[in-house]
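Below is run02.pdb, which holds PDB, C-alpha atoms.
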```pdb
MODEL        1
ATOM      1  CA  MET G   1      -8.445   3.601 -29.295
ATOM      2  CA  THR G   2     -10.421   6.053 -27.196
ATOM      3  CA  GLU G   3      -8.923   8.152 -24.426
ATOM      4  CA  THR G   4     -10.708   6.095 -21.788
ATOM      5  CA  HIS G   5      -8.871   2.996 -23.004
ATOM      6  CA  GLY G   6      -5.649   4.650 -21.827
ATOM      7  CA  LEU G   7      -6.715   3.988 -18.236
ATOM      8  CA  ALA G   8      -7.994   0.524 -19.099
ATOM      9  CA  VAL G   9      -4.558  -0.508 -20.371
ATOM     10  CA  VAL G  10      -2.796   0.313 -17.075
ATOM     11  CA  ARG G  11      -5.675  -0.260 -14.623
ATOM     12  CA  ASP G  12      -4.244  -3.510 -13.261
ATOM     13  CA  ARG G  13      -0.838  -1.899 -12.665
ATOM     14  CA  LEU G  14      -1.986   1.252 -10.891
ATOM     15  CA  ARG G  15      -0.590   1.736  -7.390
ATOM     16  CA  LEU G  16      -1.335   4.315  -4.713
ATOM     17  CA  ARG G  17       1.429   6.772  -3.910
ATOM     18  CA  MET G  18       1.903   9.326  -1.120
ATOM     19  CA  PHE G  19       3.244  12.829  -1.777
ATOM     20  CA  ASP G  20       4.025  15.650   0.620
ATOM     21  CA  ALA G  21       3.844  19.407   0.143
ATOM     22  CA  THR G  22       7.619  19.898   0.321
ATOM     23  CA  ALA G  23       8.312  17.336  -2.400
ATOM     24  CA  LEU G  24       5.592  18.790  -4.619
ATOM     25  CA  GLY G  25       6.842  22.316  -3.961
ATOM     26  CA  ILE G  26      10.346  21.320  -5.045
ATOM     27  CA  LEU G  27       9.016  19.647  -8.201
ATOM     28  CA  ASP G  28       7.031  22.778  -8.980
ATOM     29  CA  LEU G  29      10.300  24.723  -9.217
ATOM     30  CA  SER G  30      11.724  22.454 -11.913
ATOM     31  CA  THR G  31       8.777  20.753 -13.628
ATOM     32  CA  SER G  32       6.126  21.966 -16.037
ATOM     33  CA  ALA G  33       2.515  21.947 -14.858
ATOM     34  CA  GLU G  34       1.670  19.111 -17.285
ATOM     35  CA  ASP G  35       4.468  16.911 -15.930
ATOM     36  CA  MET G  36       3.558  17.381 -12.258
ATOM     37  CA  PRO G  37       2.159  14.339 -10.441
ATOM     38  CA  TRP G  38      -1.616  14.025 -10.573
ATOM     39  CA  VAL G  39      -2.592  14.262  -6.898
ATOM     40  CA  GLN G  40      -5.470  14.802  -4.522
ATOM     41  CA  PHE G  41      -5.100  16.614  -1.196
ATOM     42  CA  VAL G  42      -5.952  14.454   1.798
ATOM     43  CA  ALA G  43      -4.775  16.277   4.940
ATOM     44  CA  ALA G  44      -2.213  18.781   6.286
ATOM     45  CA  GLU G  45       0.876  18.439   4.026
ATOM     46  CA  LEU G  46      -0.205  15.175   2.429
ATOM     47  CA  TYR G  47      -1.498  14.181  -0.983
ATOM     48  CA  VAL G  48      -2.390  10.876  -2.618
ATOM     49  CA  GLY G  49      -1.367  10.178  -6.190
ATOM     50  CA  LEU G  50      -0.795   7.241  -8.511
ATOM     51  CA  GLN G  51       1.991   5.430 -10.220
ATOM     52  CA  ILE G  52       2.093   2.694 -12.847
ATOM     53  CA  GLY G  53       3.963  -0.351 -11.642
ATOM     54  CA  ASN G  54       7.041   0.470  -9.610
ATOM     55  CA  ASP G  55       8.295   3.502 -11.501
ATOM     56  CA  ALA G  56       6.126   5.786 -13.608
ATOM     57  CA  VAL G  57       4.220   8.449 -11.677
ATOM     58  CA  VAL G  58       0.894   9.378 -13.271
ATOM     59  CA  THR G  59       1.187  12.983 -14.433
ATOM     60  CA  VAL G  60      -1.390  15.706 -14.983
ATOM     61  CA  ALA G  61      -0.921  15.415 -18.753
ATOM     62  CA  GLN G  62      -1.396  11.660 -18.706
ATOM     63  CA  ALA G  63      -4.538  11.956 -16.603
ATOM     64  CA  ALA G  64      -5.945  14.564 -18.975
ATOM     65  CA  ALA G  65      -5.502  12.130 -21.869
ATOM     66  CA  TRP G  66      -7.383   9.452 -19.957
ATOM     67  CA  ASP G  67     -10.317  11.845 -19.484
ATOM     68  CA  VAL G  68     -11.478  10.190 -16.262
ATOM     69  CA  LEU G  69     -12.275  11.430 -12.761
ATOM     70  CA  PHE G  70      -9.469  11.240 -10.228
ATOM     71  CA  ALA G  71     -11.743   9.257  -7.909
ATOM     72  CA  ASP G  72     -12.243   6.584 -10.573
ATOM     73  CA  ALA G  73      -8.513   6.176 -11.114
ATOM     74  CA  LEU G  74      -7.896   6.052  -7.342
ATOM     75  CA  ASN G  75     -10.565   3.399  -6.927
ATOM     76  CA  ALA G  76      -8.883   1.253  -9.555
ATOM     77  CA  ALA G  77      -5.708   1.173  -7.458
ATOM     78  CA  PHE G  78      -7.556   1.025  -4.123
ATOM     79  CA  GLU G  79      -9.677  -1.987  -5.046
ATOM     80  CA  SER G  80      -6.626  -4.075  -5.908
ATOM     81  CA  LEU G  81      -5.189  -3.774  -2.393
ATOM     82  CA  PRO G  82      -5.604  -6.642   0.087
ATOM     83  CA  PRO G  83      -6.981  -5.837   3.569
ATOM     84  CA  LEU G  84      -4.550  -4.366   6.073
ATOM     85  CA  GLU G  85      -2.827  -7.191   7.914
ATOM     86  CA  ILE G  86      -0.713  -6.964  11.054
ATOM     87  CA  GLY G  87       0.801  -9.476  13.413
ATOM     88  CA  VAL G  88       0.423  -9.316  17.170
ATOM     89  CA  ASP G  89       0.717  -5.527  17.258
ATOM     90  CA  ARG G  90      -2.341  -3.685  18.434
ATOM     91  CA  GLY G  91      -2.898  -0.101  19.499
ATOM     92  CA  VAL G  92       0.457   1.220  18.264
ATOM     93  CA  THR G  93       1.580  -0.020  14.870
ATOM     94  CA  GLU G  94       4.273   0.937  12.379
ATOM     95  CA  ILE G  95       3.288   0.526   8.740
ATOM     96  CA  THR G  96       5.958   0.389   6.055
ATOM     97  CA  ASP G  97       3.713  -0.230   3.025
ATOM     98  CA  GLU G  98       3.109   3.089   1.274
ATOM     99  CA  GLN G  99       0.013   1.833  -0.516
ATOM    100  CA  GLN G 100      -1.606   0.702   2.716
ATOM    101  CA  VAL G 101      -0.957   4.105   4.265
ATOM    102  CA  ALA G 102      -2.558   5.872   1.302
ATOM    103  CA  ALA G 103      -5.505   3.497   1.508
ATOM    104  CA  LEU G 104      -5.987   4.385   5.183
ATOM    105  CA  PHE G 105      -6.219   8.064   4.282
ATOM    106  CA  LEU G 106      -8.825   7.211   1.659
ATOM    107  CA  ASP G 107     -10.800   4.894   3.964
ATOM    108  CA  PRO G 108     -10.021   5.145   7.722
ATOM    109  CA  SER G 109     -12.318   2.172   8.448
ATOM    110  CA  ARG G 110      -9.516  -0.089   7.197
ATOM    111  CA  ALA G 111      -7.730   0.669  10.489
ATOM    112  CA  ALA G 112     -10.383  -1.032  12.640
ATOM    113  CA  VAL G 113      -8.203  -4.132  12.865
ATOM    114  CA  LEU G 114      -5.524  -2.087  14.663
ATOM    115  CA  GLU G 115      -7.745  -1.535  17.735
ATOM    116  CA  VAL G 116      -6.271   1.847  18.638
ATOM    117  CA  SER G 117      -7.081   3.561  21.923
ATOM    118  CA  GLY G 118      -9.360   6.505  21.179
ATOM    119  CA  ASP G 119      -9.760   7.927  17.698
ATOM    120  CA  LEU G 120      -7.389   7.004  14.890
ATOM    121  CA  VAL G 121      -4.215   9.091  14.397
ATOM    122  CA  ILE G 122      -1.577   8.726  11.684
ATOM    123  CA  VAL G 123       1.920  10.161  12.126
ATOM    124  CA  PRO G 124       3.252  10.153   8.529
ATOM    125  CA  LEU G 125       6.986  10.458   9.195
ATOM    126  CA  ALA G 126       8.126   9.042   5.847
ATOM    127  CA  GLN G 127       6.509   7.297   2.911
ATOM    128  CA  THR G 128       7.455   3.921   4.359
ATOM    129  CA  ARG G 129       7.709   4.770   8.087
ATOM    130  CA  VAL G 130       4.292   5.641   9.451
ATOM    131  CA  VAL G 131       3.022   5.260  13.008
ATOM    132  CA  ILE G 132      -0.640   4.427  13.570
ATOM    133  CA  THR G 133      -1.961   5.042  17.071
ATOM    134  CA  GLY G 134      -4.918   6.432  18.981
ATOM    135  CA  THR G 135      -5.672   9.802  20.493
ATOM    136  CA  ASP G 136      -5.540   8.339  24.016
ATOM    137  CA  ASP G 137      -2.276   6.410  23.663
ATOM    138  CA  GLU G 138       0.857   8.398  24.538
ATOM    139  CA  ARG G 139       3.034   5.393  23.658
ATOM    140  CA  GLY G 140       2.310   5.849  19.972
ATOM    141  CA  PHE G 141       3.470   9.448  19.914
ATOM    142  CA  ALA G 142       6.593   8.646  21.924
ATOM    143  CA  ARG G 143       7.348   5.917  19.383
ATOM    144  CA  ALA G 144       6.827   8.391  16.521
ATOM    145  CA  ILE G 145       9.415  10.715  18.074
ATOM    146  CA  GLU G 146      11.886   7.821  18.374
ATOM    147  CA  ILE G 147      11.449   6.974  14.689
ATOM    148  CA  ALA G 148      11.742  10.637  13.701
ATOM    149  CA  ASP G 149      15.059  10.817  15.569
ATOM    150  CA  GLU G 150      16.241   7.682  13.746
ATOM    151  CA  LEU G 151      15.352   9.123  10.354
ATOM    152  CA  LEU G 152      16.963  12.477  11.121
ATOM    153  CA  ALA G 153      20.150  10.771  12.350
ATOM    154  CA  GLU G 154      20.279   8.678   9.174
ATOM    155  CA  GLY G 155      19.848  11.739   6.991
ATOM    156  CA  SER G 156      16.610  10.350   5.568
ATOM    157  CA  ARG G 157      13.977  12.785   4.372
ATOM    158  CA  LEU G 158      10.815  13.142   6.414
ATOM    159  CA  THR G 159       7.391  13.455   4.851
ATOM    160  CA  SER G 160       5.808  15.177   7.834
ATOM    161  CA  ILE G 161       6.091  15.465  11.592
ATOM    162  CA  HIS G 162       2.485  16.513  12.157
ATOM    163  CA  PRO G 163      -0.022  13.876  13.360
ATOM    164  CA  ILE G 164      -3.311  13.663  11.475
ATOM    165  CA  GLY G 165      -6.433  12.497  13.294
ATOM    166  CA  SER G 166      -9.667  11.086  11.925
ATOM    167  CA  ARG G 167     -12.752  12.769  13.346
ATOM    168  CA  ASP G 168     -16.235  12.012  12.031
ATOM    169  CA  GLY G 169     -14.787  10.852   8.740
ATOM    170  CA  GLN G 170     -12.637  13.977   8.293
ATOM    171  CA  TRP G 171      -8.868  14.296   8.629
ATOM    172  CA  VAL G 172      -7.740  17.092  10.943
ATOM    173  CA  PRO G 173      -4.440  18.031  12.642
ATOM    174  CA  PHE G 174      -4.096  16.345  16.026
ATOM    175  CA  PRO G 175      -2.868  18.707  18.811
ATOM    176  CA  TRP G 176      -0.371  16.341  20.404
ATOM    177  CA  ARG G 177       1.414  19.158  22.264
ATOM    178  CA  ASP G 178      -1.775  19.972  24.152
ATOM    179  CA  ARG G 179      -2.689  16.344  24.738
ATOM    180  CA  PHE G 180       0.672  15.061  26.001
ATOM    181  CA  PRO G 181       2.579  17.725  28.027
ATOM    182  CA  ALA G 182       5.393  15.306  28.875
ATOM    183  CA  LEU G 183       6.319  15.114  25.175
ATOM    184  CA  VAL G 184       6.258  18.861  24.425
ATOM    185  CA  GLY G 185      10.036  19.334  24.541
ATOM    186  CA  ALA G 186      10.720  16.397  22.231
ATOM    187  CA  ILE G 187       7.880  17.418  19.896
ATOM    188  CA  SER G 188       9.284  20.940  19.572
ATOM    189  CA  ARG G 189      12.770  19.607  18.890
ATOM    190  CA  VAL G 190      11.848  17.156  16.116
ATOM    191  CA  THR G 191       9.406  19.654  14.590
ATOM    192  CA  ARG G 192      12.141  22.260  14.281
ATOM    193  CA  GLU G 193      14.663  19.749  12.956
ATOM    194  CA  PHE G 194      12.111  18.602  10.382
ATOM    195  CA  GLY G 195      11.528  22.198   9.302
ATOM    196  CA  VAL G 196      15.233  22.906   8.871
ATOM    197  CA  ARG G 197      15.641  19.719   6.823
ATOM    198  CA  ALA G 198      12.731  20.663   4.556
ATOM    199  CA  TYR G 199      14.185  24.118   3.890
ATOM    200  CA  LYS G 200      17.545  22.579   2.972
ATOM    201  CA  GLU G 201      15.814  20.287   0.480
ATOM    202  CA  GLN G 202      14.109  23.271  -1.102
ATOM    203  CA  GLU G 203      17.292  25.325  -1.210
ATOM    204  CA  CYS G 204      19.014  22.701  -3.389
ATOM    205  CA  VAL G 205      16.725  23.509  -6.332
ATOM    206  CA  LEU G 206      15.894  27.133  -5.591
ATOM    207  CA  ASP G 207      17.273  29.632  -8.094
ATOM    208  CA  ALA G 208      16.720  33.042  -6.544
ATOM    209  CA  GLY G 209      19.151  35.002  -8.736
ATOM    210  CA  ASP G 210      20.687  37.868  -6.771
ATOM    211  CA  VAL G 211      18.284  37.366  -3.865
ATOM    212  CA  ARG G 212      19.899  35.755  -0.825
ATOM    213  CA  VAL G 213      18.342  32.473   0.288
ATOM    214  CA  LEU G 214      18.583  32.617   4.075
ATOM    215  CA  GLU G 215      19.372  29.329   5.774
ATOM    216  CA  PRO G 216      17.511  28.328   8.935
ATOM    217  CA  LYS G 217      19.718  27.006  11.715
ATOM    218  CA  LEU G 218      19.144  25.234  15.011
ATOM    219  CA  ASP G 219      20.223  26.636  18.358
ATOM    220  CA  LYS G 220      19.954  24.889  21.709
ATOM    221  CA  LEU G 221      19.194  27.456  24.392
ATOM    222  CA  GLU G 222      20.486  27.339  27.961
ATOM    223  CA  THR G 223      17.049  26.122  29.013
ATOM    224  CA  GLY G 224      17.521  23.045  26.826
ATOM    225  CA  VAL G 225      14.883  24.196  24.327
ATOM    226  CA  THR G 226      15.752  23.934  20.626
ATOM    227  CA  ALA G 227      15.038  27.087  18.601
ATOM    228  CA  THR G 228      15.537  28.096  14.978
ATOM    229  CA  PHE G 229      17.002  31.305  13.605
ATOM    230  CA  ALA G 230      18.087  32.928  10.348
ATOM    231  CA  THR G 231      20.418  35.870   9.806
ATOM    232  CA  TRP G 232      19.424  38.739   7.516
ATOM    233  CA  LEU G 233      21.973  41.327   6.410
ATOM    234  CA  SER G 234      20.116  44.620   6.440
ATOM    235  CA  GLY G 235      20.032  46.246   3.027
ATOM    236  CA  THR G 236      19.992  42.991   1.042
ATOM    237  CA  ALA G 237      17.094  41.304  -0.749
ATOM    238  CA  ALA G 238      16.439  37.896   0.761
ATOM    239  CA  LEU G 239      14.106  34.942   1.045
ATOM    240  CA  LEU G 240      13.359  34.421   4.736
ATOM    241  CA  PRO G 241      12.245  31.028   6.104
ATOM    242  CA  VAL G 242       9.810  30.775   9.006
ATOM    243  CA  VAL G 243      11.986  30.605  12.125
ATOM    244  CA  ASP G 244      11.711  31.437  15.813
ATOM    245  CA  ASN G 245      14.087  34.404  15.659
ATOM    246  CA  VAL G 246      15.531  36.667  12.977
ATOM    247  CA  ILE G 247      19.043  37.988  13.588
ATOM    248  CA  ILE G 248      19.485  41.368  11.866
ATOM    249  CA  ALA G 249      23.058  42.234  10.951
ATOM    250  CA  SER G 250      23.828  45.791   9.840
ATOM    251  CA  ALA G 251      26.672  46.734   7.496
ATOM    252  CA  ASP G 252      28.292  48.723  10.323
ATOM    253  CA  GLY G 253      28.521  45.631  12.509
ATOM    254  CA  ARG G 254      25.476  46.114  14.757
ATOM    255  CA  ILE G 255      23.456  43.000  15.587
ATOM    256  CA  GLY G 256      19.827  42.818  16.645
ATOM    257  CA  VAL G 257      17.381  40.003  17.257
ATOM    258  CA  MET G 258      13.629  39.893  16.669
ATOM    259  CA  GLY G 259      11.053  37.187  17.075
ATOM    260  CA  PHE G 260       9.679  36.146  13.689
ATOM    261  CA  ALA G 261       6.199  37.562  14.340
ATOM    262  CA  GLN G 262       7.684  40.885  15.461
ATOM    263  CA  PHE G 263       9.870  41.032  12.335
ATOM    264  CA  ILE G 264       6.890  40.454  10.036
ATOM    265  CA  GLU G 265       4.746  42.947  11.933
ATOM    266  CA  GLN G 266       7.351  45.717  11.835
ATOM    267  CA  ALA G 267       8.089  45.070   8.160
ATOM    268  CA  GLY G 268       4.407  45.458   7.286
ATOM    269  CA  ASP G 269       3.535  45.334   3.593
ATOM    270  CA  ALA G 270       7.194  45.546   2.600
ATOM    271  CA  VAL G 271       7.671  41.820   3.253
ATOM    272  CA  VAL G 272       5.628  39.515   1.027
ATOM    273  CA  ARG G 273       4.821  35.853   1.513
ATOM    274  CA  THR G 274       5.914  33.882  -1.542
ATOM    275  CA  GLY G 275       4.234  30.827  -3.051
ATOM    276  CA  LEU G 276       7.140  28.567  -2.093
ATOM    277  CA  VAL G 277       6.674  25.398  -0.048
ATOM    278  CA  PRO G 278       8.006  25.367   2.665
ATOM    279  CA  ILE G 279       6.949  28.971   3.210
ATOM    280  CA  ARG G 280       9.417  31.784   2.622
ATOM    281  CA  TYR G 281       8.944  35.548   2.744
ATOM    282  CA  TYR G 282      10.549  37.975   0.310
ATOM    283  CA  VAL G 283      12.469  40.727   2.126
ATOM    284  CA  PRO G 284      13.382  43.700  -0.120
ATOM    285  CA  ASP G 285      16.744  45.400   0.065
ATOM    286  CA  ALA G 286      15.019  48.725   0.834
ATOM    287  CA  LEU G 287      13.560  47.435   4.128
ATOM    288  CA  LYS G 288      14.708  49.364   7.184
ATOM    289  CA  LEU G 289      13.947  48.125  10.686
ATOM    290  CA  THR G 290      14.758  49.336  14.154
ATOM    291  CA  GLU G 291      16.449  46.398  15.858
TER     292      GLU G 291
ENDMDL
END
```

As structure tokens, the full file:
Amino acid sequence: MTETHGLAVVRDRLRLRMFDATALGILDLSTSAEDMPWVQFVAAELYVGLQIGNDAVVTVAQAAAWDVLFADALNAAFESLPPLEIGVDRGVTEITDEQQVAALFLDPSRAAVLEVSGDLVIVPLAQTRVVITGTDDERGFARAIEIADELLAEGSRLTSIHPIGSRDGQWVPFPWRDRFPALVGAISRVTREFGVRAYKEQECVLDAGDVRVLEPKLDKLETGVTATFATWLSGTAALLPVVDNVIIASADGRIGVMGFAQFIEQAGDAVVRTGLVPIRYYVPDALKLTE
């Protein structure tokens, strides 16, 4: 049997699968390179991969044995999918079929039946909770926020909170804050809650040895705005998440607060961005800052 026959044997059982950067980043901490899912980047934090039947994810090692192009394997799964079907919904639609979502990222023309207002936008909240809307339709983004709140309240993991728009056949981030001012407060809140949740997922598998893994926390300000912060004990080595504010606690009991950008700027080359996803910065124990 030749290597190519390996794909032929499973061709009819290949299914499209969505992956996000956080999930892949967590796997990267505990999985060998050969056993990582075989994926292709599509947009923002999102990747498309494959699985065989309902369980087995196609790995890098397995794909190497097949000796085929990723596009050929994707097409095998893509071609087996029926057209996207919806009921009476038009303009704003929730899709719960992961394969259909992946297929939309591979071929946005499949969304023509949805008749969105403006250009196509996908809000990929979870693998099976995705909102499809148009750039001119505020209802779709308000609905996405409602679903995000539901998922966060349930404790479900979110794939992403960042809308992806299709422009001239290319996927690009959609600036929903700029487009819909009335939603800015809610967008900021769910974005921060999503970020905190993603860091907690990462922390569960992160072995940093003697280095402190700083936990991001949410704080509701008097203005009603939700902000994130992390506390760093000066003189300790730590992994710092990206937050709005860094609280600096000194051994003698003094407390200072810096915006994240100010903290990074004052630290200069002493603080190094790591390769972790979500992003963390390594803060050495020798760092001294003026709070």

Subject >> Selection: 8 Å around Thr135 in chain G, only C-alpha atoms, excl. self and same-chain fewer than 3 positions, as a PyMOL selection string >> reply: chain G and resi 117-121+138+165

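Put simply, the PyMOL selection byres ((chain G and resi 239) around 7) on this file hits Val211, Arg212, Val213, Leu214, Ala238, Leu240, Pro241, Arg280, Tyr281, Tyr282 and Val283 of chain G.
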
Subject >> Given only C-alpha atoms as the counted atoms, nearest of G:Asp269, G:Asp20, G:Asp137, G:Asp55 to Phe41 in chain G >> reply: G:Asp20

Subject >> Non-local contacts of Ile122 in chain G (9 Å; only C-alpha atoms; under 2 positions in same chain excluded) as an MDAnalysis selection string >> reply: chainID G and resid 101 104:105 120 124 130:134 162:166

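The residues returned by the PyMOL selection byres ((chain G and resi 185) around 12) on the shown structure are G:Ala142, G:Ile145, G:Trp176, G:Arg177, G:Asp178, G:Phe180, G:Pro181, G:Ala182, G:Leu183, G:Val184, G:Ala186, G:Ile187, G:Ser188, G:Arg189, G:Val190, G:Thr191, G:Arg192, G:Lys220, G:Thr223, G:Gly224, G:Val225, G:Thr226, G:Ala227.
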
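Minimum atom-to-atom distance to Ser160 in chain G, evaluated using all atoms listed in the file, belongs to G:Arg129 out of G:Lys217, G:Arg129, G:Arg179, G:Arg139.
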
**OP:** For Gln262 in chain G, work out the shell of residues within 12 Å, counting only C-alpha atoms and skipping chain neighbours fewer than 3 positions away, then give it as a ChimeraX atom specification.
**Re:** /G:243-247,257-259,265-268,289-291

**OP:** Any chance you could resolve the PyMOL selection byres ((chain G and resi 72) around 12) against this file and give the residues as JSON, numbers by chain?
**Re:** {"G": [4, 7, 8, 11, 14, 50, 63, 66, 67, 68, 69, 70, 71, 73, 74, 75, 76, 77, 78, 79]}

Original post:
For the atom pair CA of Ser80 in chain G and CA of Arg13 in chain G, what is the interatomic distance in Å to one decimal place?
Top reply: 9.2 Å
